[in-house]
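Shown next: work35.cif, given as mmCIF, N, CA and C atoms.
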```
data_model
#
loop_
_atom_site.label_atom_id
_atom_site.label_comp_id
_atom_site.auth_asym_id
_atom_site.auth_seq_id
_atom_site.Cartn_x
_atom_site.Cartn_y
_atom_site.Cartn_z
N MET A 11 -17.60 -1.41 9.72
CA MET A 11 -16.38 -0.76 9.28
C MET A 11 -15.23 -1.15 10.21
N PRO A 12 -14.07 -1.41 9.65
CA PRO A 12 -12.94 -1.83 10.49
C PRO A 12 -12.39 -0.68 11.33
N ASP A 13 -11.68 -1.04 12.38
CA ASP A 13 -10.99 -0.07 13.22
C ASP A 13 -9.77 0.42 12.45
N LEU A 14 -9.75 1.69 12.08
CA LEU A 14 -8.65 2.26 11.29
C LEU A 14 -7.65 3.02 12.15
N THR A 15 -7.62 2.72 13.44
CA THR A 15 -6.67 3.33 14.36
C THR A 15 -5.30 2.70 14.17
N ASP A 16 -4.26 3.50 14.22
CA ASP A 16 -2.89 2.97 14.18
C ASP A 16 -2.54 2.53 15.59
N HIS A 17 -2.44 1.23 15.80
CA HIS A 17 -2.24 0.65 17.13
C HIS A 17 -0.78 0.47 17.50
N GLY A 18 0.14 0.75 16.59
CA GLY A 18 1.55 0.57 16.89
C GLY A 18 2.10 1.69 17.74
N PRO A 19 3.11 1.44 18.48
CA PRO A 19 3.90 0.22 18.52
C PRO A 19 3.45 -0.76 19.61
N ASN A 20 2.19 -0.70 20.01
CA ASN A 20 1.69 -1.60 21.06
C ASN A 20 1.39 -2.98 20.51
N PRO A 21 1.45 -4.01 21.36
CA PRO A 21 1.03 -5.34 20.92
C PRO A 21 -0.41 -5.28 20.40
N TYR A 22 -0.69 -6.00 19.33
CA TYR A 22 -2.01 -5.90 18.70
C TYR A 22 -2.30 -7.15 17.87
N VAL A 23 -3.54 -7.58 17.87
CA VAL A 23 -4.00 -8.70 17.06
C VAL A 23 -5.22 -8.24 16.29
N MET A 24 -5.33 -8.65 15.02
CA MET A 24 -6.46 -8.24 14.20
C MET A 24 -6.73 -9.28 13.13
N ASN A 25 -7.89 -9.19 12.50
CA ASN A 25 -8.21 -10.01 11.34
C ASN A 25 -7.86 -9.18 10.11
N ILE A 26 -6.75 -9.49 9.46
CA ILE A 26 -6.26 -8.67 8.35
C ILE A 26 -7.19 -8.72 7.15
N GLU A 27 -7.81 -9.84 6.89
CA GLU A 27 -8.72 -9.93 5.75
C GLU A 27 -9.93 -9.02 5.95
N ASP A 28 -10.54 -9.05 7.14
CA ASP A 28 -11.68 -8.18 7.42
C ASP A 28 -11.29 -6.70 7.33
N ALA A 29 -10.13 -6.36 7.89
CA ALA A 29 -9.68 -4.96 7.87
C ALA A 29 -9.43 -4.50 6.44
N THR A 30 -8.82 -5.36 5.63
CA THR A 30 -8.49 -4.99 4.25
C THR A 30 -9.74 -4.85 3.40
N LEU A 31 -10.61 -5.85 3.47
CA LEU A 31 -11.82 -5.82 2.65
C LEU A 31 -12.80 -4.74 3.11
N GLY A 32 -12.78 -4.39 4.39
CA GLY A 32 -13.69 -3.38 4.91
C GLY A 32 -13.20 -1.95 4.78
N ASN A 33 -11.96 -1.77 4.35
CA ASN A 33 -11.39 -0.43 4.20
C ASN A 33 -11.87 0.22 2.91
N ALA A 34 -12.40 1.43 3.01
CA ALA A 34 -12.84 2.19 1.83
C ALA A 34 -11.89 3.35 1.52
N ASN A 35 -10.86 3.54 2.33
CA ASN A 35 -9.92 4.64 2.15
C ASN A 35 -8.80 4.26 1.18
N PHE A 36 -8.25 5.25 0.52
CA PHE A 36 -7.09 5.01 -0.33
C PHE A 36 -5.97 4.39 0.49
N ARG A 37 -5.69 4.96 1.68
CA ARG A 37 -4.63 4.43 2.54
C ARG A 37 -4.96 4.70 4.00
N ALA A 38 -4.72 3.71 4.83
CA ALA A 38 -4.83 3.88 6.28
C ALA A 38 -3.74 3.04 6.95
N THR A 39 -2.98 3.66 7.86
CA THR A 39 -1.99 2.90 8.62
C THR A 39 -2.70 2.25 9.80
N LEU A 40 -2.43 0.97 10.03
CA LEU A 40 -3.07 0.25 11.12
C LEU A 40 -2.09 -0.12 12.23
N TRP A 41 -0.80 -0.16 11.90
CA TRP A 41 0.20 -0.46 12.92
C TRP A 41 1.54 0.09 12.46
N THR A 42 2.16 0.92 13.30
CA THR A 42 3.46 1.50 13.00
C THR A 42 4.40 1.22 14.15
N GLY A 43 5.45 0.47 13.86
CA GLY A 43 6.48 0.18 14.85
C GLY A 43 7.79 0.83 14.45
N THR A 44 8.84 0.44 15.12
CA THR A 44 10.17 0.98 14.84
C THR A 44 10.71 0.49 13.51
N HIS A 45 10.44 -0.79 13.18
CA HIS A 45 11.04 -1.39 11.99
C HIS A 45 10.03 -1.92 10.98
N LEU A 46 8.73 -1.76 11.26
CA LEU A 46 7.70 -2.34 10.41
C LEU A 46 6.44 -1.49 10.47
N GLN A 47 5.70 -1.47 9.36
CA GLN A 47 4.43 -0.73 9.31
C GLN A 47 3.43 -1.50 8.45
N LEU A 48 2.16 -1.49 8.88
CA LEU A 48 1.08 -2.11 8.13
C LEU A 48 0.10 -1.04 7.68
N THR A 49 -0.23 -1.03 6.40
CA THR A 49 -1.28 -0.16 5.88
C THR A 49 -2.25 -1.00 5.05
N VAL A 50 -3.47 -0.51 4.94
CA VAL A 50 -4.46 -1.08 4.02
C VAL A 50 -4.77 -0.04 2.97
N MET A 51 -5.10 -0.51 1.75
CA MET A 51 -5.39 0.41 0.66
C MET A 51 -6.59 -0.08 -0.13
N SER A 52 -7.29 0.87 -0.75
CA SER A 52 -8.38 0.58 -1.67
C SER A 52 -8.15 1.43 -2.93
N ILE A 53 -8.00 0.74 -4.07
CA ILE A 53 -7.73 1.42 -5.34
C ILE A 53 -8.92 1.21 -6.25
N PRO A 54 -9.61 2.28 -6.64
CA PRO A 54 -10.81 2.12 -7.47
C PRO A 54 -10.49 1.63 -8.88
N ALA A 55 -11.50 1.09 -9.56
CA ALA A 55 -11.35 0.64 -10.94
C ALA A 55 -10.77 1.78 -11.77
N GLY A 56 -9.72 1.48 -12.54
CA GLY A 56 -9.07 2.48 -13.36
C GLY A 56 -8.04 3.33 -12.63
N GLY A 57 -7.98 3.21 -11.30
CA GLY A 57 -7.04 3.99 -10.51
C GLY A 57 -5.71 3.28 -10.33
N ASP A 58 -4.79 3.95 -9.65
CA ASP A 58 -3.50 3.35 -9.35
C ASP A 58 -2.95 3.93 -8.06
N ILE A 59 -1.83 3.36 -7.61
CA ILE A 59 -1.15 3.88 -6.43
C ILE A 59 -0.40 5.14 -6.81
N GLY A 60 0.14 5.16 -8.01
CA GLY A 60 0.99 6.25 -8.45
C GLY A 60 2.44 5.79 -8.41
N LEU A 61 3.17 6.05 -9.48
CA LEU A 61 4.57 5.63 -9.55
C LEU A 61 5.34 6.27 -8.40
N GLU A 62 6.01 5.45 -7.60
CA GLU A 62 6.71 5.94 -6.41
C GLU A 62 7.92 5.07 -6.12
N VAL A 63 8.76 5.55 -5.22
CA VAL A 63 9.94 4.81 -4.79
C VAL A 63 10.13 5.06 -3.29
N HIS A 64 10.59 4.04 -2.58
CA HIS A 64 10.93 4.14 -1.16
C HIS A 64 12.42 3.78 -1.06
N PRO A 65 13.30 4.77 -1.00
CA PRO A 65 14.74 4.52 -1.08
C PRO A 65 15.29 3.58 0.00
N GLU A 66 14.73 3.63 1.19
CA GLU A 66 15.28 2.87 2.32
C GLU A 66 14.33 1.78 2.80
N THR A 67 13.25 1.51 2.08
CA THR A 67 12.19 0.64 2.60
C THR A 67 11.84 -0.48 1.63
N ASP A 68 11.91 -1.72 2.12
CA ASP A 68 11.37 -2.85 1.38
C ASP A 68 9.87 -2.88 1.60
N GLN A 69 9.13 -3.42 0.62
CA GLN A 69 7.67 -3.42 0.72
C GLN A 69 7.11 -4.77 0.27
N PHE A 70 6.10 -5.23 1.00
CA PHE A 70 5.36 -6.46 0.70
C PHE A 70 3.91 -6.06 0.55
N LEU A 71 3.27 -6.43 -0.57
CA LEU A 71 1.86 -6.14 -0.78
C LEU A 71 1.13 -7.45 -1.03
N ARG A 72 -0.08 -7.59 -0.45
CA ARG A 72 -0.93 -8.76 -0.71
C ARG A 72 -2.27 -8.27 -1.21
N ILE A 73 -2.67 -8.77 -2.37
CA ILE A 73 -3.95 -8.43 -2.96
C ILE A 73 -5.02 -9.33 -2.34
N GLU A 74 -6.01 -8.75 -1.70
CA GLU A 74 -7.12 -9.51 -1.13
C GLU A 74 -8.30 -9.58 -2.10
N GLN A 75 -8.45 -8.55 -2.94
CA GLN A 75 -9.57 -8.48 -3.87
C GLN A 75 -9.15 -7.68 -5.09
N GLY A 76 -9.62 -8.10 -6.27
CA GLY A 76 -9.40 -7.32 -7.47
C GLY A 76 -8.30 -7.85 -8.36
N THR A 77 -8.15 -7.17 -9.50
CA THR A 77 -7.12 -7.52 -10.47
C THR A 77 -6.39 -6.26 -10.89
N GLY A 78 -5.10 -6.41 -11.12
CA GLY A 78 -4.32 -5.24 -11.49
C GLY A 78 -3.07 -5.61 -12.25
N ASN A 79 -2.25 -4.59 -12.45
CA ASN A 79 -0.96 -4.73 -13.10
C ASN A 79 0.06 -4.02 -12.23
N VAL A 80 1.16 -4.70 -11.93
CA VAL A 80 2.25 -4.08 -11.18
C VAL A 80 3.41 -3.85 -12.13
N GLU A 81 4.01 -2.68 -12.01
CA GLU A 81 5.19 -2.32 -12.80
C GLU A 81 6.29 -1.88 -11.85
N MET A 82 7.53 -2.26 -12.18
CA MET A 82 8.68 -1.90 -11.35
C MET A 82 9.90 -1.67 -12.23
N GLY A 83 10.83 -0.87 -11.71
CA GLY A 83 12.07 -0.63 -12.42
C GLY A 83 13.05 0.15 -11.59
N PRO A 84 14.30 0.24 -12.08
CA PRO A 84 15.35 0.90 -11.31
C PRO A 84 15.27 2.42 -11.29
N THR A 85 14.60 3.02 -12.28
CA THR A 85 14.45 4.48 -12.31
C THR A 85 13.02 4.82 -12.71
N GLU A 86 12.68 6.07 -12.52
CA GLU A 86 11.33 6.55 -12.86
C GLU A 86 11.02 6.39 -14.34
N THR A 87 12.05 6.46 -15.18
CA THR A 87 11.84 6.35 -16.63
C THR A 87 12.21 4.98 -17.18
N GLU A 88 12.68 4.08 -16.33
CA GLU A 88 13.08 2.74 -16.76
C GLU A 88 12.32 1.69 -15.95
N VAL A 89 11.02 1.59 -16.24
CA VAL A 89 10.16 0.61 -15.57
C VAL A 89 10.11 -0.62 -16.48
N THR A 90 10.92 -1.62 -16.13
CA THR A 90 11.16 -2.75 -17.03
C THR A 90 10.42 -4.02 -16.65
N PHE A 91 9.82 -4.06 -15.47
CA PHE A 91 9.12 -5.26 -14.99
C PHE A 91 7.63 -4.99 -14.97
N SER A 92 6.85 -5.95 -15.47
CA SER A 92 5.39 -5.83 -15.46
C SER A 92 4.79 -7.21 -15.24
N ALA A 93 3.76 -7.27 -14.39
CA ALA A 93 3.08 -8.55 -14.14
C ALA A 93 1.63 -8.28 -13.76
N GLU A 94 0.76 -9.19 -14.17
CA GLU A 94 -0.63 -9.14 -13.73
C GLU A 94 -0.70 -9.65 -12.30
N VAL A 95 -1.58 -9.06 -11.49
CA VAL A 95 -1.79 -9.51 -10.12
C VAL A 95 -3.28 -9.64 -9.87
N LYS A 96 -3.62 -10.55 -8.96
CA LYS A 96 -5.02 -10.80 -8.65
C LYS A 96 -5.13 -11.20 -7.18
N SER A 97 -6.35 -11.41 -6.74
CA SER A 97 -6.62 -11.81 -5.38
C SER A 97 -5.71 -12.97 -4.95
N GLU A 98 -5.12 -12.82 -3.78
CA GLU A 98 -4.23 -13.79 -3.12
C GLU A 98 -2.79 -13.74 -3.63
N ASP A 99 -2.49 -12.85 -4.61
CA ASP A 99 -1.10 -12.68 -5.05
C ASP A 99 -0.37 -11.76 -4.08
N VAL A 100 0.96 -11.92 -4.01
CA VAL A 100 1.81 -11.01 -3.25
C VAL A 100 2.83 -10.37 -4.17
N ILE A 101 3.25 -9.18 -3.80
CA ILE A 101 4.22 -8.40 -4.57
C ILE A 101 5.34 -8.02 -3.61
N PHE A 102 6.57 -8.23 -4.02
CA PHE A 102 7.74 -7.81 -3.25
C PHE A 102 8.44 -6.68 -3.99
N VAL A 103 8.62 -5.55 -3.32
CA VAL A 103 9.26 -4.38 -3.91
C VAL A 103 10.54 -4.09 -3.11
N PRO A 104 11.71 -4.32 -3.70
CA PRO A 104 12.96 -4.01 -3.00
C PRO A 104 13.13 -2.50 -2.81
N ALA A 105 13.77 -2.13 -1.73
CA ALA A 105 14.06 -0.71 -1.47
C ALA A 105 14.74 -0.10 -2.69
N GLY A 106 14.36 1.13 -3.02
CA GLY A 106 14.96 1.83 -4.14
C GLY A 106 14.37 1.51 -5.49
N THR A 107 13.33 0.66 -5.54
CA THR A 107 12.71 0.27 -6.80
C THR A 107 11.47 1.11 -7.07
N TRP A 108 11.40 1.74 -8.21
CA TRP A 108 10.21 2.48 -8.61
C TRP A 108 9.10 1.46 -8.90
N HIS A 109 7.87 1.77 -8.49
CA HIS A 109 6.79 0.80 -8.64
C HIS A 109 5.43 1.49 -8.68
N ASN A 110 4.47 0.77 -9.27
CA ASN A 110 3.09 1.24 -9.32
C ASN A 110 2.19 0.02 -9.46
N VAL A 111 1.00 0.10 -8.88
CA VAL A 111 -0.03 -0.92 -9.07
C VAL A 111 -1.24 -0.20 -9.66
N THR A 112 -1.71 -0.69 -10.80
CA THR A 112 -2.86 -0.11 -11.49
C THR A 112 -4.02 -1.11 -11.46
N ASN A 113 -5.20 -0.63 -11.11
CA ASN A 113 -6.39 -1.46 -11.10
C ASN A 113 -6.90 -1.58 -12.53
N VAL A 114 -6.88 -2.80 -13.09
CA VAL A 114 -7.36 -3.03 -14.45
C VAL A 114 -8.70 -3.77 -14.46
N GLY A 115 -9.27 -3.99 -13.28
CA GLY A 115 -10.53 -4.71 -13.18
C GLY A 115 -11.70 -3.77 -12.98
N GLU A 116 -12.85 -4.35 -12.68
CA GLU A 116 -14.08 -3.58 -12.50
C GLU A 116 -14.43 -3.34 -11.03
N GLU A 117 -13.76 -4.05 -10.10
CA GLU A 117 -14.00 -3.83 -8.67
C GLU A 117 -12.76 -3.22 -8.04
N ASP A 118 -12.95 -2.58 -6.89
CA ASP A 118 -11.82 -1.99 -6.18
C ASP A 118 -10.78 -3.05 -5.86
N ILE A 119 -9.51 -2.69 -6.00
CA ILE A 119 -8.45 -3.54 -5.46
C ILE A 119 -8.38 -3.23 -3.97
N LYS A 120 -8.38 -4.27 -3.17
CA LYS A 120 -8.21 -4.16 -1.73
C LYS A 120 -6.91 -4.89 -1.41
N LEU A 121 -5.97 -4.18 -0.79
CA LEU A 121 -4.68 -4.79 -0.48
C LEU A 121 -4.19 -4.31 0.87
N TYR A 122 -3.27 -5.09 1.43
CA TYR A 122 -2.52 -4.60 2.58
C TYR A 122 -1.05 -4.66 2.23
N THR A 123 -0.31 -3.78 2.88
CA THR A 123 1.12 -3.71 2.59
C THR A 123 1.91 -3.54 3.89
N LEU A 124 3.05 -4.21 3.92
CA LEU A 124 3.99 -4.10 5.02
C LEU A 124 5.23 -3.36 4.52
N TYR A 125 5.65 -2.36 5.27
CA TYR A 125 6.86 -1.60 4.98
C TYR A 125 7.90 -1.92 6.05
N GLY A 126 9.14 -2.11 5.65
CA GLY A 126 10.20 -2.29 6.61
C GLY A 126 11.42 -1.48 6.19
N PRO A 127 11.76 -0.42 6.89
CA PRO A 127 11.07 0.17 8.03
C PRO A 127 9.83 0.97 7.59
N ALA A 128 9.14 1.55 8.55
CA ALA A 128 7.92 2.32 8.28
C ALA A 128 8.17 3.40 7.23
N ASP A 129 7.15 3.66 6.41
CA ASP A 129 7.26 4.67 5.35
C ASP A 129 6.37 5.88 5.62
N HIS A 130 5.25 5.69 6.31
CA HIS A 130 4.29 6.77 6.54
C HIS A 130 4.31 7.21 8.00
N VAL A 131 3.87 8.42 8.25
CA VAL A 131 3.77 8.93 9.61
C VAL A 131 2.73 8.11 10.36
N HIS A 132 3.02 7.81 11.63
CA HIS A 132 2.08 7.08 12.48
C HIS A 132 0.70 7.72 12.39
N GLY A 133 -0.33 6.91 12.18
CA GLY A 133 -1.70 7.39 12.13
C GLY A 133 -2.14 7.95 10.79
N THR A 134 -1.34 7.79 9.75
CA THR A 134 -1.70 8.32 8.43
C THR A 134 -3.05 7.77 7.97
N LEU A 135 -3.92 8.66 7.51
CA LEU A 135 -5.21 8.28 6.92
C LEU A 135 -5.44 9.18 5.72
N HIS A 136 -5.53 8.56 4.53
CA HIS A 136 -5.79 9.28 3.29
C HIS A 136 -7.08 8.73 2.70
N PRO A 137 -8.20 9.42 2.88
CA PRO A 137 -9.46 8.92 2.30
C PRO A 137 -9.40 8.76 0.78
N THR A 138 -8.64 9.64 0.10
CA THR A 138 -8.54 9.57 -1.36
C THR A 138 -7.07 9.67 -1.79
N GLN A 139 -6.81 9.33 -3.04
CA GLN A 139 -5.46 9.48 -3.59
C GLN A 139 -5.06 10.95 -3.60
N HIS A 140 -6.00 11.83 -3.88
CA HIS A 140 -5.71 13.27 -3.87
C HIS A 140 -5.22 13.70 -2.48
N ASP A 141 -5.85 13.18 -1.42
CA ASP A 141 -5.41 13.50 -0.07
C ASP A 141 -3.96 13.06 0.14
N ALA A 142 -3.61 11.88 -0.37
CA ALA A 142 -2.23 11.39 -0.25
C ALA A 142 -1.26 12.30 -1.00
N GLU A 143 -1.65 12.71 -2.20
CA GLU A 143 -0.79 13.58 -3.01
C GLU A 143 -0.60 14.95 -2.38
N MET A 144 -1.58 15.43 -1.63
CA MET A 144 -1.50 16.75 -1.00
C MET A 144 -0.83 16.72 0.39
N ASP A 145 -0.59 15.54 0.93
CA ASP A 145 0.00 15.39 2.26
C ASP A 145 1.48 15.78 2.22
N PRO A 146 1.88 16.81 2.96
CA PRO A 146 3.28 17.24 2.92
C PRO A 146 4.24 16.22 3.53
N ASN A 147 3.72 15.24 4.27
CA ASN A 147 4.58 14.19 4.85
C ASN A 147 4.89 13.06 3.87
N GLU A 148 4.22 13.06 2.73
CA GLU A 148 4.41 12.00 1.75
C GLU A 148 5.48 12.39 0.73
N GLN A 149 6.22 11.37 0.24
CA GLN A 149 7.19 11.58 -0.82
C GLN A 149 6.44 11.67 -2.14
N HIS A 150 6.77 12.65 -2.94
CA HIS A 150 6.09 12.80 -4.23
C HIS A 150 7.08 12.73 -5.36
#
```

As structure tokens, please, write out the structure in this file.
Amino acid sequence: MPDLTDHGPNPYVMNIEDATLGNANFRATLWTGTHLQLTVMSIPAGGDIGLEVHPETDQFLRIEQGTGNVEMGPTETEVTFSAEVKSEDVIFVPAGTWHNVTNVGEEDIKLYTLYGPADHVHGTLHPTQHDAEMDPNEQH
């Protein structure tokens, strides 16, 4: 099992592929700095991240395993962009863009994401999506 400790803002080196593929949690922060944050996620078959927006944060996601569909748009009710994503694809989400990633395959989607600036509290660990939804520090 990978080290799921948030090592930021200290200097740190890791194997991102091993950490991403070995993560069984919905979300775990692995490094939180002043201007950047790294998290890993695991989305089960049929699951999703949940439609969300980060008003002040750009986001980069890389799919390490699985297949899904990403949707984005300017408002919660105007999601006008849709694309299939698979292993080795990257997704760029501009700040203020509503977005969701849905797992449409049979295996868990394993991804890592970079936020600039950080979006989650240092050390965030959500074993399940329900835990993330119940976290008072998360935007809902």

Going by the chain IDs and residue numbers used in this file, which residues fall under the PyMOL selection byres ((chain A and resi 42) around 8)? Write them as a PDB file with N, CA and C atoms, in the coordinates of the input.
```
ATOM      1  N   THR A  15      -7.620   2.720  13.440  1.00  0.00           N
ATOM      2  CA  THR A  15      -6.670   3.330  14.360  1.00  0.00           C
ATOM      3  C   THR A  15      -5.300   2.700  14.170  1.00  0.00           C
ATOM      4  N   ASP A  16      -4.260   3.500  14.220  1.00  0.00           N
ATOM      5  CA  ASP A  16      -2.890   2.970  14.180  1.00  0.00           C
ATOM      6  C   ASP A  16      -2.540   2.530  15.590  1.00  0.00           C
ATOM      7  N   HIS A  17      -2.440   1.230  15.800  1.00  0.00           N
ATOM      8  CA  HIS A  17      -2.240   0.650  17.130  1.00  0.00           C
ATOM      9  C   HIS A  17      -0.780   0.470  17.500  1.00  0.00           C
ATOM     10  N   GLY A  18       0.140   0.750  16.590  1.00  0.00           N
ATOM     11  CA  GLY A  18       1.550   0.570  16.890  1.00  0.00           C
ATOM     12  C   GLY A  18       2.100   1.690  17.740  1.00  0.00           C
ATOM     13  N   PRO A  19       3.110   1.440  18.480  1.00  0.00           N
ATOM     14  CA  PRO A  19       3.900   0.220  18.520  1.00  0.00           C
ATOM     15  C   PRO A  19       3.450  -0.760  19.610  1.00  0.00           C
ATOM     16  N   ASN A  20       2.190  -0.700  20.010  1.00  0.00           N
ATOM     17  CA  ASN A  20       1.690  -1.600  21.060  1.00  0.00           C
ATOM     18  C   ASN A  20       1.390  -2.980  20.510  1.00  0.00           C
ATOM     19  N   THR A  39      -2.980   3.660   7.860  1.00  0.00           N
ATOM     20  CA  THR A  39      -1.990   2.900   8.620  1.00  0.00           C
ATOM     21  C   THR A  39      -2.700   2.250   9.800  1.00  0.00           C
ATOM     22  N   LEU A  40      -2.430   0.970  10.030  1.00  0.00           N
ATOM     23  CA  LEU A  40      -3.070   0.250  11.120  1.00  0.00           C
ATOM     24  C   LEU A  40      -2.090  -0.120  12.230  1.00  0.00           C
ATOM     25  N   TRP A  41      -0.800  -0.160  11.900  1.00  0.00           N
ATOM     26  CA  TRP A  41       0.200  -0.460  12.920  1.00  0.00           C
ATOM     27  C   TRP A  41       1.540   0.090  12.460  1.00  0.00           C
ATOM     28  N   GLY A  43       5.450   0.470  13.860  1.00  0.00           N
ATOM     29  CA  GLY A  43       6.480   0.180  14.850  1.00  0.00           C
ATOM     30  C   GLY A  43       7.790   0.830  14.450  1.00  0.00           C
ATOM     31  N   THR A  44       8.840   0.440  15.120  1.00  0.00           N
ATOM     32  CA  THR A  44      10.170   0.980  14.840  1.00  0.00           C
ATOM     33  C   THR A  44      10.710   0.490  13.510  1.00  0.00           C
ATOM     34  N   HIS A  45      10.440  -0.790  13.180  1.00  0.00           N
ATOM     35  CA  HIS A  45      11.040  -1.390  11.990  1.00  0.00           C
ATOM     36  C   HIS A  45      10.030  -1.920  10.980  1.00  0.00           C
ATOM     37  N   LEU A  46       8.730  -1.760  11.260  1.00  0.00           N
ATOM     38  CA  LEU A  46       7.700  -2.340  10.410  1.00  0.00           C
ATOM     39  C   LEU A  46       6.440  -1.490  10.470  1.00  0.00           C
ATOM     40  N   GLN A  47       5.700  -1.470   9.360  1.00  0.00           N
ATOM     41  CA  GLN A  47       4.430  -0.730   9.310  1.00  0.00           C
ATOM     42  C   GLN A  47       3.430  -1.500   8.450  1.00  0.00           C
ATOM     43  N   LEU A  48       2.160  -1.490   8.880  1.00  0.00           N
ATOM     44  CA  LEU A  48       1.080  -2.110   8.130  1.00  0.00           C
ATOM     45  C   LEU A  48       0.100  -1.040   7.680  1.00  0.00           C
ATOM     46  N   THR A  49      -0.230  -1.030   6.400  1.00  0.00           N
ATOM     47  CA  THR A  49      -1.280  -0.160   5.880  1.00  0.00           C
ATOM     48  C   THR A  49      -2.250  -1.000   5.050  1.00  0.00           C
ATOM     49  N   ALA A 128       9.140   1.550   8.550  1.00  0.00           N
ATOM     50  CA  ALA A 128       7.920   2.320   8.280  1.00  0.00           C
ATOM     51  C   ALA A 128       8.170   3.400   7.230  1.00  0.00           C
ATOM     52  N   ASP A 129       7.150   3.660   6.410  1.00  0.00           N
ATOM     53  CA  ASP A 129       7.260   4.670   5.350  1.00  0.00           C
ATOM     54  C   ASP A 129       6.370   5.880   5.620  1.00  0.00           C
ATOM     55  N   HIS A 130       5.250   5.690   6.310  1.00  0.00           N
ATOM     56  CA  HIS A 130       4.290   6.770   6.540  1.00  0.00           C
ATOM     57  C   HIS A 130       4.310   7.210   8.000  1.00  0.00           C
ATOM     58  N   VAL A 131       3.870   8.420   8.250  1.00  0.00           N
ATOM     59  CA  VAL A 131       3.770   8.930   9.610  1.00  0.00           C
ATOM     60  C   VAL A 131       2.730   8.110  10.360  1.00  0.00           C
ATOM     61  N   HIS A 132       3.020   7.810  11.630  1.00  0.00           N
ATOM     62  CA  HIS A 132       2.080   7.080  12.480  1.00  0.00           C
ATOM     63  C   HIS A 132       0.700   7.720  12.390  1.00  0.00           C
ATOM     64  N   GLY A 133      -0.330   6.910  12.180  1.00  0.00           N
ATOM     65  CA  GLY A 133      -1.700   7.390  12.130  1.00  0.00           C
ATOM     66  C   GLY A 133      -2.140   7.950  10.790  1.00  0.00           C
TER      67      GLY A 133
END
```

| How many Å lie between atom N of Glu117 in chain A and atom C of Gly60 in chain A, rounded to one decimal? | 19.0 Å

| said: Please report the interatomic distance between CA of His64 in chain A and CA of Thr87 in chain A in Å with one decimal. | reply: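 Straight-line distance from CA of His64 in chain A to CA of Thr87 in chain A works out to 15.7 Å.
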
Let me know the residues the PyMOL selection byres (((chain A and resi 114 and name CA) around 8) and name CA) catches in the file above, as a PDB file with N, CA and C atoms, keeping the file's coordinate frame.
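So expr.pdb came out as:
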```
ATOM      1  N   ALA A  55     -11.500   1.090  -9.560  1.00  0.00           N
ATOM      2  CA  ALA A  55     -11.350   0.640 -10.940  1.00  0.00           C
ATOM      3  C   ALA A  55     -10.770   1.780 -11.770  1.00  0.00           C
ATOM      4  N   GLY A  56      -9.720   1.480 -12.540  1.00  0.00           N
ATOM      5  CA  GLY A  56      -9.070   2.480 -13.360  1.00  0.00           C
ATOM      6  C   GLY A  56      -8.040   3.330 -12.630  1.00  0.00           C
ATOM      7  N   THR A  77      -8.150  -7.170  -9.500  1.00  0.00           N
ATOM      8  CA  THR A  77      -7.120  -7.520 -10.470  1.00  0.00           C
ATOM      9  C   THR A  77      -6.390  -6.260 -10.890  1.00  0.00           C
ATOM     10  N   GLY A  78      -5.100  -6.410 -11.120  1.00  0.00           N
ATOM     11  CA  GLY A  78      -4.320  -5.240 -11.490  1.00  0.00           C
ATOM     12  C   GLY A  78      -3.070  -5.610 -12.250  1.00  0.00           C
ATOM     13  N   ASN A  79      -2.250  -4.590 -12.450  1.00  0.00           N
ATOM     14  CA  ASN A  79      -0.960  -4.730 -13.100  1.00  0.00           C
ATOM     15  C   ASN A  79       0.060  -4.020 -12.230  1.00  0.00           C
ATOM     16  N   THR A 112      -1.710  -0.690 -10.800  1.00  0.00           N
ATOM     17  CA  THR A 112      -2.860  -0.110 -11.490  1.00  0.00           C
ATOM     18  C   THR A 112      -4.020  -1.110 -11.460  1.00  0.00           C
ATOM     19  N   ASN A 113      -5.200  -0.630 -11.110  1.00  0.00           N
ATOM     20  CA  ASN A 113      -6.390  -1.460 -11.100  1.00  0.00           C
ATOM     21  C   ASN A 113      -6.900  -1.580 -12.530  1.00  0.00           C
ATOM     22  N   GLY A 115      -9.270  -3.990 -13.280  1.00  0.00           N
ATOM     23  CA  GLY A 115     -10.530  -4.710 -13.180  1.00  0.00           C
ATOM     24  C   GLY A 115     -11.700  -3.770 -12.980  1.00  0.00           C
ATOM     25  N   GLU A 116     -12.850  -4.350 -12.680  1.00  0.00           N
ATOM     26  CA  GLU A 116     -14.080  -3.580 -12.500  1.00  0.00           C
ATOM     27  C   GLU A 116     -14.430  -3.340 -11.030  1.00  0.00           C
TER      28      GLU A 116
END
```

| query | Where does DSSP see strand (DSSP E or B) in range 38-136 of chain A, if you list the residues as a ChimeraX atom specification? | reply | /A:38-42,47-53,58,62,68-75,77-83,85,88,91-96,100-103,108-113,119-126,135-136

| said: I'd like the contact shell of Asn110 in chain A - 6 Å cut-off, all atoms listed in the file, skipping same-chain residues fewer than 5 positions apart - returned as a list in words. | reply: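 Within the cut-off, the hits are Ile59, Gly60, Leu61, Glu62, Asn79, Val80, Glu81 and Met82 of chain A.
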